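Dropping data07.pdb in here (PDB, C-alpha atoms and all ligand atoms):
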```pdb
ATOM      1  CA  MET A  12     -17.675 -18.548   5.711
ATOM      2  CA  ARG A  13     -15.621 -15.619   7.015
ATOM      3  CA  ILE A  14     -14.747 -12.403   5.194
ATOM      4  CA  THR A  15     -11.580 -10.425   5.780
ATOM      5  CA  CYS A  16     -12.727  -6.808   5.739
ATOM      6  CA  PRO A  17      -9.866  -4.588   4.513
ATOM      7  CA  HIS A  18     -10.729  -2.165   7.342
ATOM      8  CA  CYS A  19     -11.746  -4.403  10.265
ATOM      9  CA  GLY A  20      -9.975  -7.709   9.690
ATOM     10  CA  ASN A  21     -11.285 -11.268   9.579
ATOM     11  CA  ARG A  22     -14.955 -11.331  10.600
ATOM     12  CA  SER A  23     -17.861 -13.684  10.900
ATOM     13  CA  LEU A  24     -20.432 -13.878   8.095
ATOM     14  CA  ASP A  25     -23.246 -12.634  10.356
ATOM     15  CA  GLU A  26     -21.672  -9.147  10.348
ATOM     16  CA  PHE A  27     -22.223  -8.825   6.574
ATOM     17  CA  ILE A  28     -25.171  -8.303   4.240
ATOM     18  CA  TYR A  29     -25.072  -9.676   0.701
ATOM     19  CA  LEU A  30     -26.220  -7.434  -2.134
ATOM     20  CA  GLY A  31     -25.240  -9.326  -5.283
ATOM     21  CA  ASP A  32     -23.395  -9.016  -8.562
ATOM     22  CA  ALA A  33     -20.600  -6.429  -8.457
ATOM     23  CA  THR A  34     -19.923  -6.615 -12.197
ATOM     24  CA  VAL A  35     -23.048  -4.786 -13.372
ATOM     25  CA  GLN A  36     -22.517  -1.169 -14.369
ATOM     26  CA  ARG A  37     -25.115   1.564 -14.123
ATOM     27  CA  PRO A  38     -25.876   2.634 -17.710
ATOM     28  CA  ASP A  39     -25.686   6.224 -18.904
ATOM     29  CA  PRO A  40     -29.280   7.535 -18.667
ATOM     30  CA  ALA A  41     -28.626   9.769 -21.693
ATOM     31  CA  ARG A  42     -27.902   6.941 -24.101
ATOM     32  CA  PRO A  43     -30.659   6.292 -26.684
ATOM     33  CA  ASP A  44     -31.378   2.725 -25.511
ATOM     34  CA  ALA A  45     -31.312   3.758 -21.818
ATOM     35  CA  LEU A  46     -34.667   2.161 -20.965
ATOM     36  CA  ALA A  47     -33.657  -1.291 -22.213
ATOM     37  CA  ALA A  48     -30.212  -0.905 -20.658
ATOM     38  CA  PHE A  49     -31.735  -0.037 -17.275
ATOM     39  CA  VAL A  50     -34.119  -3.020 -17.440
ATOM     40  CA  ASP A  51     -31.064  -5.254 -17.903
ATOM     41  CA  TYR A  52     -29.128  -3.408 -15.191
ATOM     42  CA  VAL A  53     -31.910  -3.674 -12.627
ATOM     43  CA  TYR A  54     -33.375  -7.117 -13.402
ATOM     44  CA  GLN A  55     -31.024  -9.295 -15.435
ATOM     45  CA  ARG A  56     -28.500 -11.353 -13.499
ATOM     46  CA  GLU A  57     -26.197 -14.153 -14.539
ATOM     47  CA  ASN A  58     -26.133 -17.223 -12.345
ATOM     48  CA  PRO A  59     -22.489 -18.186 -12.656
ATOM     49  CA  VAL A  60     -20.699 -21.144 -11.128
ATOM     50  CA  GLY A  61     -17.181 -20.740  -9.780
ATOM     51  CA  ARG A  62     -15.461 -17.424  -9.350
ATOM     52  CA  HIS A  63     -17.698 -14.374  -9.055
ATOM     53  CA  ARG A  64     -17.440 -10.746  -7.945
ATOM     54  CA  GLU A  65     -20.056  -9.711  -5.401
ATOM     55  CA  LEU A  66     -21.023  -6.679  -3.332
ATOM     56  CA  TRP A  67     -21.135  -7.209   0.419
ATOM     57  CA  TYR A  68     -21.875  -4.619   3.103
ATOM     58  CA  HIS A  69     -20.102  -4.680   6.468
ATOM     59  CA  ASN A  70     -23.313  -3.913   8.310
ATOM     60  CA  ALA A  71     -22.300  -4.796  11.877
ATOM     61  CA  GLY A  72     -18.820  -3.366  11.374
ATOM     62  CA  CYS A  73     -17.338  -0.389   9.576
ATOM     63  CA  HIS A  74     -20.340   0.125   7.250
ATOM     64  CA  ALA A  75     -18.155  -0.103   4.158
ATOM     65  CA  TRP A  76     -19.286  -1.645   0.890
ATOM     66  CA  LEU A  77     -16.891  -4.342  -0.249
ATOM     67  CA  VAL A  78     -16.243  -6.182  -3.499
ATOM     68  CA  VAL A  79     -15.612  -9.836  -2.649
ATOM     69  CA  THR A  80     -14.207 -12.212  -5.268
ATOM     70  CA  ARG A  81     -15.499 -15.626  -4.268
ATOM     71  CA  ASP A  82     -15.988 -19.125  -5.641
ATOM     72  CA  VAL A  83     -19.735 -19.553  -5.209
ATOM     73  CA  ARG A  84     -19.388 -23.351  -5.124
ATOM     74  CA  THR A  85     -16.601 -23.705  -2.543
ATOM     75  CA  HIS A  86     -16.905 -20.315  -0.749
ATOM     76  CA  GLU A  87     -13.170 -19.822  -1.246
ATOM     77  CA  ILE A  88     -12.465 -16.089  -1.160
ATOM     78  CA  PHE A  89      -9.758 -14.766  -3.495
ATOM     79  CA  GLY A  90      -9.868 -11.094  -2.573
ATOM     80  CA  VAL A  91     -11.779  -8.354  -0.755
ATOM     81  CA  GLU A  92     -11.517  -4.715  -1.823
ATOM     82  CA  PRO A  93     -13.315  -1.567  -0.644
ATOM     83  CA  ALA A  94     -16.022  -0.890  -3.262
ATOM     84  CA  LYS A  95     -15.119   2.806  -3.109
ATOM     85  CA  GLU A  96     -11.615   2.047  -4.390
ATOM     86  CA  VAL A  97     -12.910  -0.313  -7.081
ATOM     87  CA  SER A  98     -15.348   2.354  -8.254
ATOM     88  CA  LEU A  99     -12.713   5.119  -8.232
ATOM     89  CA  SER A 100     -10.244   3.018 -10.209
ATOM     90  CA  GLU A 101     -12.965   2.135 -12.736
ATOM     91  CA  LYS A 102     -13.680   5.836 -13.132
ATOM     92  CA  THR A 103     -10.034   6.695 -13.731
ATOM     93  CA  THR A 104      -9.339   3.794 -16.088
ATOM     94  CA  GLY A 105     -12.817   4.090 -17.658
ATOM     95  CA  ALA A 106     -13.108   0.297 -17.655
ATOM     96  CA  ALA A 107     -15.207  -2.236 -15.814
ATOM     97  CA  ARG A 108     -13.313  -5.155 -14.388
TER      98      ARG A 108
ATOM     99  CA  MET B  10     -42.198  30.434  31.683
ATOM    100  CA  ALA B  11     -40.599  28.349  34.384
ATOM    101  CA  ASN B  12     -36.917  27.823  34.079
ATOM    102  CA  ARG B  13     -36.357  24.096  33.636
ATOM    103  CA  THR B  14     -33.103  22.222  33.919
ATOM    104  CA  LEU B  15     -32.655  18.966  32.064
ATOM    105  CA  GLU B  16     -31.466  16.206  34.294
ATOM    106  CA  LEU B  17     -28.971  13.603  33.133
ATOM    107  CA  ARG B  18     -30.578  10.194  33.368
ATOM    108  CA  SER B  19     -29.014   6.830  32.635
ATOM    109  CA  ALA B  20     -30.526   4.641  29.923
ATOM    110  CA  VAL B  21     -29.893   1.666  32.218
ATOM    111  CA  PRO B  22     -31.311   2.408  35.693
ATOM    112  CA  GLU B  23     -29.915  -0.939  36.947
ATOM    113  CA  LEU B  24     -26.405   0.502  36.534
ATOM    114  CA  SER B  25     -27.088   3.551  38.730
ATOM    115  CA  ARG B  26     -26.869   1.724  42.077
ATOM    116  CA  ASN B  27     -24.550  -0.742  43.752
ATOM    117  CA  SER B  28     -25.722  -4.304  43.439
ATOM    118  CA  ARG B  29     -24.634  -7.898  43.323
ATOM    119  CA  ILE B  30     -26.306 -10.001  40.662
ATOM    120  CA  GLY B  31     -26.465 -13.762  40.149
ATOM    121  CA  ARG B  32     -24.064 -16.039  41.972
ATOM    122  CA  GLN B  33     -23.637 -14.729  45.513
ATOM    123  CA  ASP B  34     -20.727 -16.754  46.916
ATOM    124  CA  GLY B  35     -17.117 -15.656  46.479
ATOM    125  CA  PRO B  36     -15.879 -12.501  44.780
ATOM    126  CA  ALA B  37     -17.832 -11.305  41.738
ATOM    127  CA  ARG B  38     -16.016 -12.441  38.589
ATOM    128  CA  LEU B  39     -17.588  -9.710  36.449
ATOM    129  CA  VAL B  40     -17.557  -6.019  37.327
ATOM    130  CA  VAL B  41     -19.799  -3.632  35.390
ATOM    131  CA  SER B  42     -20.180   0.124  35.566
ATOM    132  CA  GLU B  43     -21.560   2.856  33.393
ATOM    133  CA  MET B  44     -19.054   5.541  32.422
ATOM    134  CA  THR B  45     -20.638   8.937  32.893
ATOM    135  CA  GLY B  46     -19.493  12.557  32.768
ATOM    136  CA  LEU B  47     -17.870  12.126  29.361
ATOM    137  CA  SER B  48     -18.113  14.157  26.176
ATOM    138  CA  VAL B  49     -18.402  11.862  23.166
ATOM    139  CA  VAL B  50     -18.132  13.309  19.661
ATOM    140  CA  SER B  51     -18.200  11.493  16.327
ATOM    141  CA  ILE B  52     -15.867  12.719  13.602
ATOM    142  CA  ALA B  53     -16.280  12.223   9.850
ATOM    143  CA  ALA B  54     -13.633  13.663   7.545
ATOM    144  CA  ARG B  55     -14.975  15.710   4.658
ATOM    145  CA  LYS B  56     -14.415  14.372   1.162
ATOM    146  CA  GLY B  57     -10.711  14.494   0.367
ATOM    147  CA  GLN B  58      -9.892  16.159   3.718
ATOM    148  CA  SER B  59      -8.821  13.135   5.735
ATOM    149  CA  GLY B  60      -5.103  13.911   5.367
ATOM    150  CA  SER B  61      -5.533  17.588   6.329
ATOM    151  CA  LEU B  62      -7.659  16.576   9.314
ATOM    152  CA  GLN B  63      -5.013  14.120  10.498
ATOM    153  CA  GLY B  64      -2.331  16.801  10.154
ATOM    154  CA  ALA B  65      -4.394  19.361  12.107
ATOM    155  CA  VAL B  66      -5.234  16.850  14.861
ATOM    156  CA  LYS B  67      -1.553  15.995  15.166
ATOM    157  CA  LYS B  68      -0.724  19.681  15.697
ATOM    158  CA  LEU B  69      -3.532  20.278  18.192
ATOM    159  CA  PHE B  70      -3.483  17.068  20.218
ATOM    160  CA  LYS B  71       0.021  15.670  19.548
ATOM    161  CA  ILE B  72      -1.363  12.346  18.370
ATOM    162  CA  GLU B  73      -1.689  10.402  15.120
ATOM    163  CA  LEU B  74      -5.324   9.640  14.287
ATOM    164  CA  PRO B  75      -5.405   5.855  13.838
ATOM    165  CA  ASN B  76      -6.196   4.445  10.389
ATOM    166  CA  THR B  77      -6.680   0.955  11.794
ATOM    167  CA  PRO B  78      -9.050  -0.185  14.589
ATOM    168  CA  ARG B  79      -7.072   1.363  17.442
ATOM    169  CA  ARG B  80      -7.473   3.889  20.226
ATOM    170  CA  VAL B  81      -4.955   6.640  20.967
ATOM    171  CA  GLU B  82      -4.972   9.024  23.900
ATOM    172  CA  ALA B  83      -3.121  12.206  24.718
ATOM    173  CA  GLY B  84      -3.794  15.019  27.158
ATOM    174  CA  GLY B  85      -7.027  13.467  28.421
ATOM    175  CA  VAL B  86      -8.586  13.101  24.968
ATOM    176  CA  ALA B  87      -9.002   9.664  23.395
ATOM    177  CA  PHE B  88      -9.554   9.119  19.680
ATOM    178  CA  LEU B  89     -10.969   5.825  18.493
ATOM    179  CA  TRP B  90     -11.075   4.607  14.910
ATOM    180  CA  ALA B  91     -14.729   4.258  13.881
ATOM    181  CA  GLY B  92     -14.542   3.211  10.221
ATOM    182  CA  PRO B  93     -12.708   4.577   7.176
ATOM    183  CA  ASP B  94     -12.097   8.332   7.718
ATOM    184  CA  GLN B  95     -14.224   8.287  10.871
ATOM    185  CA  TRP B  96     -13.358   8.503  14.544
ATOM    186  CA  ILE B  97     -14.917   8.965  17.974
ATOM    187  CA  ALA B  98     -13.357  11.442  20.415
ATOM    188  CA  ILE B  99     -13.959  10.981  24.138
ATOM    189  CA  THR B 100     -12.959  13.307  26.942
ATOM    190  CA  ASP B 101     -13.969  14.581  30.381
ATOM    191  CA  MET B 102     -17.141  16.653  30.164
ATOM    192  CA  ALA B 103     -16.006  18.815  33.092
ATOM    193  CA  VAL B 104     -12.877  19.866  31.169
ATOM    194  CA  HIS B 105     -14.527  20.048  27.725
ATOM    195  CA  PRO B 106     -18.247  20.829  28.304
ATOM    196  CA  ASP B 107     -18.913  21.807  24.667
ATOM    197  CA  PHE B 108     -16.424  19.488  23.060
ATOM    198  CA  ASP B 109     -18.247  19.257  19.708
ATOM    199  CA  ARG B 110     -18.307  23.052  19.334
ATOM    200  CA  GLU B 111     -14.686  23.232  20.433
ATOM    201  CA  LEU B 112     -13.742  20.747  17.689
ATOM    202  CA  VAL B 113     -15.887  22.512  15.074
ATOM    203  CA  ALA B 114     -14.159  25.809  15.880
ATOM    204  CA  LYS B 115     -10.707  24.273  15.543
ATOM    205  CA  LEU B 116     -11.194  21.624  12.846
ATOM    206  CA  GLY B 117     -14.541  22.362  11.180
ATOM    207  CA  LYS B 118     -12.881  22.926   7.801
ATOM    208  CA  PHE B 119     -11.791  19.311   7.577
ATOM    209  CA  ALA B 120     -14.539  17.267   9.203
ATOM    210  CA  SER B 121     -18.055  17.101  10.595
ATOM    211  CA  PHE B 122     -18.444  16.717  14.354
ATOM    212  CA  THR B 123     -21.556  15.409  16.048
ATOM    213  CA  ASP B 124     -22.150  15.305  19.782
ATOM    214  CA  GLN B 125     -22.903  11.722  20.842
ATOM    215  CA  GLY B 126     -22.998  12.384  24.572
ATOM    216  CA  ASP B 127     -26.713  11.659  24.815
ATOM    217  CA  ALA B 128     -26.700   9.089  21.998
ATOM    218  CA  ARG B 129     -24.248   6.502  23.284
ATOM    219  CA  THR B 130     -24.087   4.678  26.573
ATOM    220  CA  LEU B 131     -20.597   3.645  27.656
ATOM    221  CA  ILE B 132     -20.382   0.486  29.754
ATOM    222  CA  ARG B 133     -17.156  -0.735  31.331
ATOM    223  CA  VAL B 134     -16.719  -4.468  31.887
ATOM    224  CA  SER B 135     -13.865  -6.045  33.817
ATOM    225  CA  GLY B 136     -13.095  -8.976  36.070
ATOM    226  CA  PRO B 137     -11.651 -12.455  35.504
ATOM    227  CA  ALA B 138     -14.783 -13.727  33.697
ATOM    228  CA  SER B 139     -15.046 -10.763  31.323
ATOM    229  CA  ARG B 140     -13.614 -12.486  28.221
ATOM    230  CA  GLU B 141     -15.748 -15.574  28.793
ATOM    231  CA  VAL B 142     -18.941 -13.548  29.273
ATOM    232  CA  ILE B 143     -18.317 -11.219  26.329
ATOM    233  CA  ALA B 144     -17.620 -14.248  24.105
ATOM    234  CA  THR B 145     -21.231 -15.391  24.602
ATOM    235  CA  GLY B 146     -22.434 -12.508  22.424
ATOM    236  CA  VAL B 147     -19.518 -10.990  20.545
ATOM    237  CA  PRO B 148     -18.197 -12.842  17.455
ATOM    238  CA  LEU B 149     -14.587 -11.717  18.009
ATOM    239  CA  ASP B 150     -11.447 -13.448  19.206
ATOM    240  CA  LEU B 151     -10.638 -11.614  22.443
ATOM    241  CA  HIS B 152      -7.655 -13.784  23.369
ATOM    242  CA  PRO B 153      -4.676 -11.532  24.264
ATOM    243  CA  ARG B 154      -2.805 -12.684  21.158
ATOM    244  CA  ALA B 155      -5.666 -11.347  18.998
ATOM    245  CA  PHE B 156      -7.063  -8.376  20.958
ATOM    246  CA  GLN B 157      -5.013  -6.137  23.231
ATOM    247  CA  PRO B 158      -5.226  -2.860  25.145
ATOM    248  CA  ASP B 159      -6.124   0.003  22.769
ATOM    249  CA  ASP B 160      -7.501  -2.381  20.156
ATOM    250  CA  VAL B 161     -10.938  -1.291  18.933
ATOM    251  CA  ALA B 162     -13.601  -3.225  17.040
ATOM    252  CA  LEU B 163     -16.890  -2.276  15.444
ATOM    253  CA  THR B 164     -19.049  -5.359  15.777
ATOM    254  CA  HIS B 165     -22.193  -6.574  17.495
ATOM    255  CA  ALA B 166     -23.008  -7.993  20.906
ATOM    256  CA  SER B 167     -26.039 -10.243  21.032
ATOM    257  CA  HIS B 168     -27.210  -8.658  17.723
ATOM    258  CA  ILE B 169     -26.781  -5.096  19.046
ATOM    259  CA  ALA B 170     -24.301  -2.878  17.199
ATOM    260  CA  VAL B 171     -21.430  -1.902  19.509
ATOM    261  CA  THR B 172     -17.995  -0.389  19.490
ATOM    262  CA  ILE B 173     -15.747  -2.330  21.852
ATOM    263  CA  TRP B 174     -12.257  -1.462  23.028
ATOM    264  CA  GLN B 175      -9.862  -2.754  25.625
ATOM    265  CA  ILE B 176      -8.239  -0.327  28.063
ATOM    266  CA  ASP B 177      -5.940  -2.523  30.147
ATOM    267  CA  GLU B 178      -4.609  -6.026  30.616
ATOM    268  CA  GLU B 179      -6.745  -6.852  33.659
ATOM    269  CA  PRO B 180      -8.622  -7.049  31.208
ATOM    270  CA  THR B 181     -11.015  -4.095  31.110
ATOM    271  CA  PHE B 182     -13.266  -3.561  28.102
ATOM    272  CA  VAL B 183     -15.554  -0.673  27.223
ATOM    273  CA  PHE B 184     -18.682  -0.941  25.106
ATOM    274  CA  ALA B 185     -20.289   2.028  23.375
ATOM    275  CA  VAL B 186     -23.923   1.171  22.697
ATOM    276  CA  ALA B 187     -26.687   3.279  21.160
ATOM    277  CA  ARG B 188     -28.679   4.626  24.097
ATOM    278  CA  GLY B 189     -31.925   3.080  22.862
ATOM    279  CA  PHE B 190     -30.327  -0.375  22.870
ATOM    280  CA  ALA B 191     -28.378  -0.003  26.114
ATOM    281  CA  ARG B 192     -30.965  -1.746  28.259
ATOM    282  CA  SER B 193     -31.212  -4.681  25.824
ATOM    283  CA  PHE B 194     -27.421  -4.869  25.936
ATOM    284  CA  TRP B 195     -27.535  -4.937  29.738
ATOM    285  CA  HIS B 196     -30.190  -7.683  29.584
ATOM    286  CA  TRP B 197     -27.774  -9.855  27.581
ATOM    287  CA  LEU B 198     -24.729  -8.947  29.699
ATOM    288  CA  SER B 199     -26.441  -9.538  33.049
ATOM    289  CA  ASP B 200     -28.018 -12.823  31.869
ATOM    290  CA  SER B 201     -24.694 -14.079  30.518
ATOM    291  CA  GLY B 202     -22.673 -12.918  33.508
ATOM    292  CA  SER B 203     -24.936 -13.872  36.412
ATOM    293  CA  VAL B 204     -23.498 -17.398  36.640
ATOM    294  CA  HIS B 205     -20.148 -15.786  37.556
ATOM    295  CA  GLY B 206     -21.572 -13.215  39.979
ATOM    296  CA  ILE B 207     -21.737  -9.578  38.817
ATOM    297  CA  GLU B 208     -20.755  -6.547  40.841
ATOM    298  CA  VAL B 209     -22.426  -3.371  39.624
ATOM    299  CA  SER B 210     -20.824  -0.168  40.779
ATOM    300  CA  PRO B 211     -22.275   3.194  39.729
ATOM    301  CA  GLY B 212     -20.596   5.234  37.070
ATOM    302  CA  THR B 213     -17.338   7.040  37.274
TER     303      THR B 213
HETATM  304 ZN    ZN C 301     -15.320  -3.560   8.099
END
```
For this file, write the structure as structure tokens.
Amino acid sequence: MRITCPHCGNRSLDEFIYLGDATVQRPDPARPDALAAFVDYVYQRENPVGRHRELWYHNAGCHAWLVVTRDVRTHEIFGVEPAKEVSLSEKTTGAAR
Amino acid sequence: MANRTLELRSAVPELSRNSRIGRQDGPARLVVSEMTGLSVVSIAARKGQSGSLQGAVKKLFKIELPNTPRRVEAGGVAFLWAGPDQWIAITDMAVHPDFDRELVAKLGKFASFTDQGDARTLIRVSGPASREVIATGVPLDLHPRAFQPDDVALTHASHIAVTIWQIDEEPTFVFAVARGFARSFWHWLSDSGSVHGIEVSPGT
């Protein structure tokens, strides 16, 4: 599997570190059910087949966090975006993708 | 108290003297030297200041800071892309002895500057076997159609984080390696290159 870093170009998998699900959103600590929400946020993960959005870190490269949309069965990659841009656009639109 | 002067000392003593390593017959097909006497400064744009920094650098140095993995040089100062909104500036220490302070004075509003002169070891690699030897540890396509003079890459060499760039078509490559890993890097490079014969010539 190779990942095309938006900053560095097409690179070998051994330059990257996998973190996990990029769809989880940090809950608001002020909300009344914050404790339960944080338990879900920290520990609960889906185990989807097919297309998934994941956080990868370009460790041996530009040190950017990336959101990779990937088919976890075939390893086909549909898109790679800088996580910073994904996060900023979520903040401005107020919506998770 | 006695007045003491700190002495510059290479992280890779093997690179401080002329030597021929590995295969002895015929011309060495790999030439290695440490680049010394350089000021190396890392640059990180402050939040939201990348555009202003690029404008100010253009005025001062008459160059465009690269936003892709490239190296640009003007007036004896080279700027290398080093990640989003980050660069490395390299110049002659004799001309710019306090280069980090010089940059802070001129551009401190827009970016942070950190002297890397004693943190990075710069190793120049050339010769006809250079691509073949580098390919034993660097997961990059270095064929001329994929990597050319002034191309830069942040990657690893034999599991050691490096910045690599090409300076001419001979080809000549330069590696910037964290000082603490420079001797491990040399271990890999000398092991991989010895079959071709390595000429080590002290730094310039
Ligand atoms: Zn990258």
Q.
I need the chain A residues near chain B as a ChimeraX atom specification; criterion: at most 7 Å, counting only C-alpha atoms.
A. /A:18-19,23,71-73
Q: Name the residues in contact with B:Trp195 at a cut-off of 9 Å, using only C-alpha atoms, excluding same-chain residues fewer than 4 positions from it; report them as a ChimeraX atom specification.
A: /B:21,23-24,132,190-191,199-200
Could you dump the residues just selected with C-alpha atoms as a JSON list (two decimals), in the coordinates of the input?
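And here is the file that came out, selection_17.json:
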```json
[["chain", "number", "residue", "atom", "x", "y", "z"],
["B", 21, "VAL", "CA", -29.89, 1.67, 32.22],
["B", 23, "GLU", "CA", -29.92, -0.94, 36.95],
["B", 24, "LEU", "CA", -26.40, 0.50, 36.53],
["B", 132, "ILE", "CA", -20.38, 0.49, 29.75],
["B", 190, "PHE", "CA", -30.33, -0.38, 22.87],
["B", 191, "ALA", "CA", -28.38, 0.00, 26.11],
["B", 199, "SER", "CA", -26.44, -9.54, 33.05],
["B", 200, "ASP", "CA", -28.02, -12.82, 31.87]]
```
Run the PyMOL selection byres (((chain B and resi 203) around 10) and not hetatm) mentally over the shown coordinates, then write out the matched residues as a PDB file with C-alpha atoms, keeping the file's coordinate frame, using the chain letters and numbers from the document.
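So the final result, stored in expr11.pdb, reads:
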```
ATOM      1  CA  ARG B  29     -24.634  -7.898  43.323  1.00  0.00           C
ATOM      2  CA  ILE B  30     -26.306 -10.001  40.662  1.00  0.00           C
ATOM      3  CA  GLY B  31     -26.465 -13.762  40.149  1.00  0.00           C
ATOM      4  CA  ARG B  32     -24.064 -16.039  41.972  1.00  0.00           C
ATOM      5  CA  GLN B  33     -23.637 -14.729  45.513  1.00  0.00           C
ATOM      6  CA  ALA B  37     -17.832 -11.305  41.738  1.00  0.00           C
ATOM      7  CA  ARG B  38     -16.016 -12.441  38.589  1.00  0.00           C
ATOM      8  CA  LEU B  39     -17.588  -9.710  36.449  1.00  0.00           C
ATOM      9  CA  VAL B 142     -18.941 -13.548  29.273  1.00  0.00           C
ATOM     10  CA  LEU B 198     -24.729  -8.947  29.699  1.00  0.00           C
ATOM     11  CA  SER B 199     -26.441  -9.538  33.049  1.00  0.00           C
ATOM     12  CA  ASP B 200     -28.018 -12.823  31.869  1.00  0.00           C
ATOM     13  CA  SER B 201     -24.694 -14.079  30.518  1.00  0.00           C
ATOM     14  CA  GLY B 202     -22.673 -12.918  33.508  1.00  0.00           C
ATOM     15  CA  VAL B 204     -23.498 -17.398  36.640  1.00  0.00           C
ATOM     16  CA  HIS B 205     -20.148 -15.786  37.556  1.00  0.00           C
ATOM     17  CA  GLY B 206     -21.572 -13.215  39.979  1.00  0.00           C
ATOM     18  CA  ILE B 207     -21.737  -9.578  38.817  1.00  0.00           C
ATOM     19  CA  GLU B 208     -20.755  -6.547  40.841  1.00  0.00           C
TER      20      GLU B 208
END
```
May I have the centre and edge lengths, in Å to one decimal, of an axis-aligned box around the listed atoms of stretch 26-44 of chain B with 3 Å added to every side, as JSON?
```
{"center_x": -21.4, "center_y": -5.6, "center_z": 39.7, "size_x": 17.0, "size_y": 28.3, "size_z": 20.5}
```
(Q) Need to verify the contact set: stretch 86-98 of chain A, 9 Å, all atoms listed in the file, exclusion of same-chain residues closer than 2 positions in sequence. Can you return it as an MDAnalysis selection string? (A) chainID A and resid 12:18 33 62 66:67 75:84 100:103 107:108
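With distances taken over all atoms listed in the file, A:His74 is the one residue among A:Arg56, A:Arg64, A:Arg42, A:His74 lying closest to ligand ZN 301 (chain C).
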Q. For the atom pair atom CA of B:Arg18 and atom CA of B:Arg188, what is the interatomic distance in Å to one decimal place?
A.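 Those two atoms sit 11.0 Å apart.
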Q) Just how far from atom CA of B:Thr145 is atom CA of B:Ser28, in Å to one decimal? A)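 Spanning atom CA of B:Ser28 to atom CA of B:Thr145 is a straight-line distance of 22.3 Å.
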Q: Quick one: apply the PyMOL selection byres (((chain B and resi 60) around 12) and not hetatm) to the file and drop the selected residues here as a list in words.
A: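 Evaluating the PyMOL selection byres (((chain B and resi 60) around 12) and not hetatm) on this file yields Ala54, Arg55, Lys56, Gly57, Gln58, Ser59, Ser61, Leu62, Gln63, Gly64, Ala65, Val66, Lys67, Glu73, Leu74, Pro75, Asn76, Asp94, Phe119 and Ala120 of chain B.
Here atom CA of B:Thr123 is placed at a distance of 14.2 Å from atom CA of B:Leu47.
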Translate the PyMOL selection byres (((chain B and resi 109) around 7) and not hetatm), as applied to the file shown, into an explicit residue set as a PDB file with C-alpha atoms, keeping the file's coordinate frame.
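This is the output file expr_13.pdb:
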```pdb
ATOM      1  CA  VAL B  50     -18.132  13.309  19.661  1.00  0.00           C
ATOM      2  CA  ASP B 107     -18.913  21.807  24.667  1.00  0.00           C
ATOM      3  CA  PHE B 108     -16.424  19.488  23.060  1.00  0.00           C
ATOM      4  CA  ARG B 110     -18.307  23.052  19.334  1.00  0.00           C
ATOM      5  CA  GLU B 111     -14.686  23.232  20.433  1.00  0.00           C
ATOM      6  CA  LEU B 112     -13.742  20.747  17.689  1.00  0.00           C
ATOM      7  CA  VAL B 113     -15.887  22.512  15.074  1.00  0.00           C
ATOM      8  CA  PHE B 122     -18.444  16.717  14.354  1.00  0.00           C
ATOM      9  CA  THR B 123     -21.556  15.409  16.048  1.00  0.00           C
ATOM     10  CA  ASP B 124     -22.150  15.305  19.782  1.00  0.00           C
TER      11      ASP B 124
END
```
Would you fill the gaps in stretch 76-87 of chain A so it has N, CA and C atoms, then print it as a short mmCIF file (atom, residue, chain, number, x, y, z; two decimals), in the coordinates of the input?
```
data_model
loop_
_atom_site.label_atom_id
_atom_site.label_comp_id
_atom_site.auth_asym_id
_atom_site.auth_seq_id
_atom_site.Cartn_x
_atom_site.Cartn_y
_atom_site.Cartn_z
N TRP A 76 -18.94 -0.70 1.95
CA TRP A 76 -19.29 -1.64 0.89
C TRP A 76 -18.01 -2.29 0.39
N LEU A 77 -18.07 -3.59 0.15
CA LEU A 77 -16.89 -4.34 -0.25
C LEU A 77 -17.18 -5.11 -1.53
N VAL A 78 -16.14 -5.28 -2.34
CA VAL A 78 -16.24 -6.18 -3.50
C VAL A 78 -15.47 -7.45 -3.14
N VAL A 79 -16.20 -8.56 -3.05
CA VAL A 79 -15.61 -9.84 -2.65
C VAL A 79 -15.54 -10.73 -3.88
N THR A 80 -14.35 -11.24 -4.18
CA THR A 80 -14.21 -12.21 -5.27
C THR A 80 -14.21 -13.60 -4.64
N ARG A 81 -15.23 -14.40 -5.00
CA ARG A 81 -15.50 -15.63 -4.27
C ARG A 81 -15.88 -16.74 -5.23
N ASP A 82 -15.49 -17.96 -4.91
CA ASP A 82 -15.99 -19.12 -5.64
C ASP A 82 -17.32 -19.51 -5.01
N VAL A 83 -18.41 -19.35 -5.78
CA VAL A 83 -19.74 -19.55 -5.21
C VAL A 83 -20.03 -21.03 -4.94
N ARG A 84 -19.18 -21.93 -5.44
CA ARG A 84 -19.39 -23.35 -5.12
C ARG A 84 -18.66 -23.75 -3.84
N THR A 85 -17.42 -23.25 -3.67
CA THR A 85 -16.60 -23.70 -2.54
C THR A 85 -16.54 -22.68 -1.41
N HIS A 86 -17.00 -21.45 -1.68
CA HIS A 86 -16.90 -20.32 -0.75
C HIS A 86 -15.46 -19.85 -0.53
N GLU A 87 -14.54 -20.34 -1.35
CA GLU A 87 -13.17 -19.82 -1.25
C GLU A 87 -13.18 -18.35 -1.66
#
```
